file entry35.cif (mmCIF, N, CA, C and O atoms)
data_target
loop_
_atom_site.label_atom_id
_atom_site.label_comp_id
_atom_site.auth_asym_id
_atom_site.auth_seq_id
_atom_site.Cartn_x
_atom_site.Cartn_y
_atom_site.Cartn_z
N SER Y 146 -10.47 5.28 25.96
CA SER Y 146 -9.92 4.19 26.75
C SER Y 146 -9.04 3.35 25.84
O SER Y 146 -9.35 3.15 24.68
N LEU Y 147 -7.95 2.86 26.37
CA LEU Y 147 -7.01 2.04 25.61
C LEU Y 147 -6.72 0.79 26.41
O LEU Y 147 -6.50 0.86 27.61
N SER Y 148 -6.76 -0.36 25.74
CA SER Y 148 -6.53 -1.62 26.43
C SER Y 148 -5.59 -2.49 25.62
O SER Y 148 -5.69 -2.56 24.40
N GLY Y 149 -4.68 -3.15 26.30
CA GLY Y 149 -3.81 -4.12 25.64
C GLY Y 149 -2.37 -3.66 25.61
O GLY Y 149 -2.08 -2.48 25.59
N THR Y 150 -1.46 -4.63 25.59
CA THR Y 150 -0.03 -4.33 25.49
C THR Y 150 0.57 -5.00 24.26
O THR Y 150 1.74 -4.89 24.00
N GLY Y 151 -0.23 -5.72 23.52
CA GLY Y 151 0.22 -6.35 22.29
C GLY Y 151 0.16 -7.85 22.40
O GLY Y 151 0.11 -8.39 23.49
N PRO Y 152 0.11 -8.57 21.34
CA PRO Y 152 0.11 -8.01 20.00
C PRO Y 152 -1.22 -7.36 19.60
O PRO Y 152 -1.30 -6.69 18.59
N SER Y 153 -2.26 -7.54 20.40
CA SER Y 153 -3.54 -6.93 20.10
C SER Y 153 -3.79 -5.74 21.02
O SER Y 153 -3.59 -5.83 22.23
N VAL Y 154 -4.20 -4.62 20.43
CA VAL Y 154 -4.49 -3.41 21.20
C VAL Y 154 -5.85 -2.90 20.75
O VAL Y 154 -6.18 -2.94 19.58
N VAL Y 155 -6.65 -2.41 21.71
CA VAL Y 155 -8.00 -1.93 21.42
C VAL Y 155 -8.17 -0.53 21.98
O VAL Y 155 -7.76 -0.26 23.11
N ALA Y 156 -8.77 0.35 21.21
CA ALA Y 156 -9.14 1.68 21.68
C ALA Y 156 -10.66 1.78 21.63
O ALA Y 156 -11.28 1.35 20.67
N VAL Y 157 -11.25 2.36 22.68
CA VAL Y 157 -12.70 2.51 22.76
C VAL Y 157 -13.01 3.98 22.98
O VAL Y 157 -12.42 4.61 23.87
N GLY Y 158 -13.93 4.53 22.20
CA GLY Y 158 -14.28 5.93 22.37
C GLY Y 158 -15.29 6.37 21.33
O GLY Y 158 -15.88 5.54 20.64
N ASP Y 159 -15.48 7.67 21.23
CA ASP Y 159 -16.40 8.18 20.21
C ASP Y 159 -15.71 8.19 18.85
O ASP Y 159 -14.49 8.10 18.74
N ARG Y 160 -16.49 8.28 17.81
CA ARG Y 160 -15.98 8.16 16.44
C ARG Y 160 -14.89 9.19 16.14
O ARG Y 160 -13.85 8.87 15.57
N GLU Y 161 -15.12 10.42 16.52
CA GLU Y 161 -14.15 11.49 16.23
C GLU Y 161 -12.80 11.21 16.90
O GLU Y 161 -11.75 11.34 16.27
N GLY Y 162 -12.83 10.82 18.15
CA GLY Y 162 -11.59 10.50 18.85
C GLY Y 162 -10.88 9.30 18.26
O GLY Y 162 -9.66 9.28 18.13
N LEU Y 163 -11.66 8.30 17.87
CA LEU Y 163 -11.07 7.09 17.30
C LEU Y 163 -10.47 7.33 15.93
O LEU Y 163 -9.50 6.67 15.54
N GLU Y 164 -11.02 8.26 15.18
CA GLU Y 164 -10.42 8.59 13.88
C GLU Y 164 -9.03 9.18 14.07
O GLU Y 164 -8.12 8.92 13.30
N GLY Y 165 -8.84 9.96 15.14
CA GLY Y 165 -7.52 10.49 15.45
C GLY Y 165 -6.55 9.38 15.83
O GLY Y 165 -5.37 9.40 15.43
N VAL Y 166 -7.02 8.42 16.61
CA VAL Y 166 -6.19 7.26 16.98
C VAL Y 166 -5.82 6.48 15.72
O VAL Y 166 -4.67 6.11 15.52
N ARG Y 167 -6.79 6.25 14.86
CA ARG Y 167 -6.53 5.52 13.62
C ARG Y 167 -5.45 6.21 12.79
O ARG Y 167 -4.55 5.56 12.26
N ASP Y 168 -5.52 7.54 12.69
CA ASP Y 168 -4.52 8.27 11.91
C ASP Y 168 -3.11 8.06 12.46
O ASP Y 168 -2.16 7.94 11.70
N ARG Y 169 -2.98 7.98 13.77
CA ARG Y 169 -1.66 7.75 14.37
C ARG Y 169 -1.21 6.30 14.24
O ARG Y 169 -0.03 6.01 14.15
N TRP Y 170 -2.15 5.38 14.30
CA TRP Y 170 -1.81 3.95 14.27
C TRP Y 170 -1.53 3.44 12.85
O TRP Y 170 -1.01 2.35 12.69
N THR Y 171 -1.86 4.19 11.82
CA THR Y 171 -1.65 3.69 10.46
C THR Y 171 -0.18 3.47 10.13
O THR Y 171 0.14 2.70 9.22
N ASP Y 172 0.72 4.11 10.86
CA ASP Y 172 2.15 3.91 10.62
C ASP Y 172 2.66 2.60 11.20
O ASP Y 172 3.77 2.19 10.90
N ARG Y 173 1.87 1.94 12.02
CA ARG Y 173 2.28 0.69 12.67
C ARG Y 173 1.79 -0.50 11.85
O ARG Y 173 0.78 -0.42 11.17
N PRO Y 174 2.49 -1.63 11.93
CA PRO Y 174 2.03 -2.81 11.20
C PRO Y 174 0.74 -3.35 11.81
O PRO Y 174 0.46 -3.16 12.99
N GLY Y 175 -0.07 -3.99 10.97
CA GLY Y 175 -1.30 -4.61 11.46
C GLY Y 175 -2.53 -4.05 10.79
O GLY Y 175 -2.45 -3.25 9.86
N GLU Y 176 -3.65 -4.48 11.27
CA GLU Y 176 -4.94 -4.11 10.70
C GLU Y 176 -5.69 -3.21 11.67
O GLU Y 176 -5.68 -3.43 12.88
N ILE Y 177 -6.31 -2.17 11.14
CA ILE Y 177 -7.09 -1.24 11.95
C ILE Y 177 -8.55 -1.34 11.52
O ILE Y 177 -8.86 -1.29 10.33
N ARG Y 178 -9.43 -1.48 12.48
CA ARG Y 178 -10.87 -1.56 12.20
C ARG Y 178 -11.60 -0.54 13.05
O ARG Y 178 -11.39 -0.45 14.25
N LEU Y 179 -12.46 0.24 12.42
CA LEU Y 179 -13.38 1.13 13.15
C LEU Y 179 -14.74 0.45 13.12
O LEU Y 179 -15.32 0.26 12.06
N LEU Y 180 -15.23 0.08 14.28
CA LEU Y 180 -16.49 -0.65 14.38
C LEU Y 180 -17.44 0.05 15.32
O LEU Y 180 -17.03 0.77 16.22
N ALA Y 181 -18.72 -0.18 15.13
CA ALA Y 181 -19.73 0.33 16.05
C ALA Y 181 -20.12 -0.78 17.02
O ALA Y 181 -20.20 -1.95 16.64
N THR Y 182 -20.32 -0.42 18.26
CA THR Y 182 -20.75 -1.41 19.24
C THR Y 182 -22.26 -1.55 19.20
O THR Y 182 -22.98 -0.63 18.82
N ARG Y 183 -22.71 -2.71 19.59
CA ARG Y 183 -24.16 -2.95 19.69
C ARG Y 183 -24.57 -2.76 21.13
O ARG Y 183 -23.94 -3.29 22.03
N ASN Y 184 -25.63 -2.04 21.35
CA ASN Y 184 -26.09 -1.83 22.71
C ASN Y 184 -27.54 -2.29 22.91
O ASN Y 184 -28.20 -1.87 23.83
N ASP Y 185 -27.99 -3.16 22.01
CA ASP Y 185 -29.37 -3.63 22.11
C ASP Y 185 -29.46 -5.03 22.75
O ASP Y 185 -30.52 -5.65 22.76
N GLY Y 186 -28.34 -5.52 23.28
CA GLY Y 186 -28.35 -6.80 23.98
C GLY Y 186 -28.25 -7.99 23.06
O GLY Y 186 -28.30 -7.87 21.84
N ALA Y 187 -28.13 -9.14 23.67
CA ALA Y 187 -28.04 -10.39 22.93
C ALA Y 187 -29.42 -10.92 22.60
O ALA Y 187 -30.39 -10.65 23.29
N ARG Y 188 -29.49 -11.67 21.51
CA ARG Y 188 -30.76 -12.28 21.13
C ARG Y 188 -30.54 -13.75 20.82
O ARG Y 188 -29.53 -14.11 20.22
N ILE Y 189 -31.44 -14.58 21.22
CA ILE Y 189 -31.42 -16.00 20.89
C ILE Y 189 -32.45 -16.22 19.81
O ILE Y 189 -33.62 -15.90 19.97
N LEU Y 190 -32.00 -16.77 18.69
CA LEU Y 190 -32.91 -17.00 17.57
C LEU Y 190 -33.33 -18.43 17.51
O LEU Y 190 -32.67 -19.34 17.81
#
call {"tool": "encode", "arguments": {"input": "entry35.cif", "output": "structure tokens"}}
result
Amino acid sequence: SLSGTGPSVVAVGDREGLEGVRDRWTDRPGEIRLLATRNDGARIL
């Protein structure tokens, strides 16, 4: 999945697919981050 038209763009998917996206996006200006999502919910401390 791809979201955004700029200046911020986000891609969501599995690690293997996102690594391919990262390889293509490295030629563009900006910062690329590969992050893991949390699926254990929010916690109040």
call {"tool": "select_by_dssp", "arguments": {"input": "entry35.cif", "residues": "chain Y", "states": "strand (DSSP E or B)", "output": "list in words"}}
result
Leu147, Ser148, Val155 and Ala156 of chain Y
call {"tool": "write_last_selection", "arguments": {"input": "entry35.cif", "atoms": "N, CA, C and O atoms", "output": "PDB file, keeping the file's coordinate frame"}}
result
ATOM      1  N   LEU Y 147      -7.950   2.860  26.370  1.00  0.00           N
ATOM      2  CA  LEU Y 147      -7.010   2.040  25.610  1.00  0.00           C
ATOM      3  C   LEU Y 147      -6.720   0.790  26.410  1.00  0.00           C
ATOM      4  O   LEU Y 147      -6.500   0.860  27.610  1.00  0.00           O
ATOM      5  N   SER Y 148      -6.760  -0.360  25.740  1.00  0.00           N
ATOM      6  CA  SER Y 148      -6.530  -1.620  26.430  1.00  0.00           C
ATOM      7  C   SER Y 148      -5.590  -2.490  25.620  1.00  0.00           C
ATOM      8  O   SER Y 148      -5.690  -2.560  24.400  1.00  0.00           O
ATOM      9  N   VAL Y 155      -6.650  -2.410  21.710  1.00  0.00           N
ATOM     10  CA  VAL Y 155      -8.000  -1.930  21.420  1.00  0.00           C
ATOM     11  C   VAL Y 155      -8.170  -0.530  21.980  1.00  0.00           C
ATOM     12  O   VAL Y 155      -7.760  -0.260  23.110  1.00  0.00           O
ATOM     13  N   ALA Y 156      -8.770   0.350  21.210  1.00  0.00           N
ATOM     14  CA  ALA Y 156      -9.140   1.680  21.680  1.00  0.00           C
ATOM     15  C   ALA Y 156     -10.660   1.780  21.630  1.00  0.00           C
ATOM     16  O   ALA Y 156     -11.280   1.350  20.670  1.00  0.00           O
TER      17      ALA Y 156
END
call {"tool": "resolve_selection", "arguments": {"input": "entry35.cif", "expression": "the PyMOL selection byres ((chain Y and resi 158) around 8)", "output": "count of residues only"}}
result
14
call {"tool": "select_by_dssp", "arguments": {"input": "entry35.cif", "residues": "chain Y", "states": "alpha helix (DSSP H)", "output": "MDAnalysis selection string"}}
result
chainID Y and resid 160:170
call {"tool": "atom_distance", "arguments": {"input": "entry35.cif", "atom1": "atom CA of Y:Asp185", "atom2": "atom CA of Y:Gly165"}}
result
26.9 Å
call {"tool": "atom_distance", "arguments": {"input": "entry35.cif", "atom1": "atom O of Y:Thr150", "atom2": "atom CA of Y:Leu179"}}
result
19.6 Å
call {"tool": "axis_aligned_box", "arguments": {"input": "entry35.cif", "around": "stretch 169-188 of chain Y", "padding_each_side": "8 Å", "output": "JSON"}}
result
{"center_x": -13.5, "center_y": -3.1, "center_z": 16.6, "size_x": 50.5, "size_y": 38.1, "size_z": 30.8}
call {"tool": "build_atoms", "arguments": {"input": "entry35.cif", "residues": "stretch 169-180 of chain Y", "atoms": "all heavy atoms", "output": "compact mmCIF listing (two decimals), in the coordinates of the input"}}
result
# COMPACT_ATOMS: atom_id res chain seq x y z
N ARG Y 169 -2.98 7.98 13.77
CA ARG Y 169 -1.66 7.75 14.37
C ARG Y 169 -1.21 6.30 14.24
O ARG Y 169 -0.03 6.01 14.15
CB ARG Y 169 -1.69 8.16 15.84
CG ARG Y 169 -1.79 9.66 16.00
CD ARG Y 169 -1.54 10.06 17.42
NE ARG Y 169 -1.34 11.48 17.52
CZ ARG Y 169 -2.26 12.34 17.92
NH1 ARG Y 169 -3.45 11.91 18.26
NH2 ARG Y 169 -2.00 13.62 17.99
N TRP Y 170 -2.15 5.38 14.30
CA TRP Y 170 -1.81 3.95 14.27
C TRP Y 170 -1.53 3.44 12.85
O TRP Y 170 -1.01 2.35 12.69
CB TRP Y 170 -2.93 3.13 14.89
CG TRP Y 170 -2.94 3.18 16.39
CD1 TRP Y 170 -2.14 3.91 17.21
CD2 TRP Y 170 -3.83 2.47 17.24
NE1 TRP Y 170 -2.47 3.70 18.52
CE2 TRP Y 170 -3.50 2.83 18.58
CE3 TRP Y 170 -4.87 1.58 17.03
CZ2 TRP Y 170 -4.18 2.30 19.66
CZ3 TRP Y 170 -5.54 1.06 18.12
CH2 TRP Y 170 -5.19 1.42 19.43
N THR Y 171 -1.86 4.19 11.82
CA THR Y 171 -1.65 3.69 10.46
C THR Y 171 -0.18 3.47 10.13
O THR Y 171 0.14 2.70 9.22
CB THR Y 171 -2.26 4.64 9.41
OG1 THR Y 171 -1.73 5.95 9.58
CG2 THR Y 171 -3.77 4.68 9.50
N ASP Y 172 0.72 4.11 10.86
CA ASP Y 172 2.15 3.91 10.62
C ASP Y 172 2.66 2.60 11.20
O ASP Y 172 3.77 2.19 10.90
CB ASP Y 172 2.96 5.06 11.24
CG ASP Y 172 2.69 6.39 10.56
OD1 ASP Y 172 2.24 6.38 9.40
OD2 ASP Y 172 2.91 7.43 11.20
N ARG Y 173 1.87 1.94 12.02
CA ARG Y 173 2.28 0.69 12.67
C ARG Y 173 1.79 -0.50 11.85
O ARG Y 173 0.78 -0.42 11.17
CB ARG Y 173 1.74 0.63 14.08
CG ARG Y 173 2.18 1.84 14.92
CD ARG Y 173 1.73 1.75 16.33
NE ARG Y 173 2.33 0.64 17.04
CZ ARG Y 173 3.51 0.68 17.64
NH1 ARG Y 173 4.25 1.76 17.58
NH2 ARG Y 173 3.97 -0.37 18.29
N PRO Y 174 2.49 -1.63 11.93
CA PRO Y 174 2.03 -2.81 11.20
C PRO Y 174 0.74 -3.35 11.81
O PRO Y 174 0.46 -3.16 12.99
CB PRO Y 174 3.18 -3.81 11.38
CG PRO Y 174 3.89 -3.36 12.60
CD PRO Y 174 3.72 -1.87 12.68
N GLY Y 175 -0.07 -3.99 10.97
CA GLY Y 175 -1.30 -4.61 11.46
C GLY Y 175 -2.53 -4.05 10.79
O GLY Y 175 -2.45 -3.25 9.86
N GLU Y 176 -3.65 -4.48 11.27
CA GLU Y 176 -4.94 -4.11 10.70
C GLU Y 176 -5.69 -3.21 11.67
O GLU Y 176 -5.68 -3.43 12.88
CB GLU Y 176 -5.77 -5.39 10.47
CG GLU Y 176 -7.09 -5.16 9.84
CD GLU Y 176 -7.80 -6.47 9.57
OE1 GLU Y 176 -7.14 -7.53 9.53
OE2 GLU Y 176 -9.03 -6.43 9.43
N ILE Y 177 -6.31 -2.17 11.14
CA ILE Y 177 -7.09 -1.24 11.95
C ILE Y 177 -8.55 -1.34 11.52
O ILE Y 177 -8.86 -1.29 10.33
CB ILE Y 177 -6.60 0.20 11.77
CG1 ILE Y 177 -5.15 0.31 12.22
CG2 ILE Y 177 -7.50 1.18 12.52
CD1 ILE Y 177 -4.51 1.63 11.88
N ARG Y 178 -9.43 -1.48 12.48
CA ARG Y 178 -10.87 -1.56 12.20
C ARG Y 178 -11.60 -0.54 13.05
O ARG Y 178 -11.39 -0.45 14.25
CB ARG Y 178 -11.42 -2.94 12.55
CG ARG Y 178 -10.83 -4.05 11.77
CD ARG Y 178 -11.46 -5.35 12.20
NE ARG Y 178 -10.82 -6.47 11.56
CZ ARG Y 178 -11.21 -7.70 11.72
NH1 ARG Y 178 -12.23 -7.98 12.51
NH2 ARG Y 178 -10.60 -8.68 11.10
N LEU Y 179 -12.46 0.24 12.42
CA LEU Y 179 -13.38 1.13 13.15
C LEU Y 179 -14.74 0.45 13.12
O LEU Y 179 -15.32 0.26 12.06
CB LEU Y 179 -13.47 2.51 12.48
CG LEU Y 179 -12.32 3.45 12.71
CD1 LEU Y 179 -12.55 4.76 11.96
CD2 LEU Y 179 -12.12 3.74 14.18
N LEU Y 180 -15.23 0.08 14.28
CA LEU Y 180 -16.49 -0.65 14.38
C LEU Y 180 -17.44 0.05 15.32
O LEU Y 180 -17.03 0.77 16.22
CB LEU Y 180 -16.23 -2.08 14.89
CG LEU Y 180 -15.24 -2.91 14.09
CD1 LEU Y 180 -14.92 -4.19 14.84
CD2 LEU Y 180 -15.81 -3.23 12.73
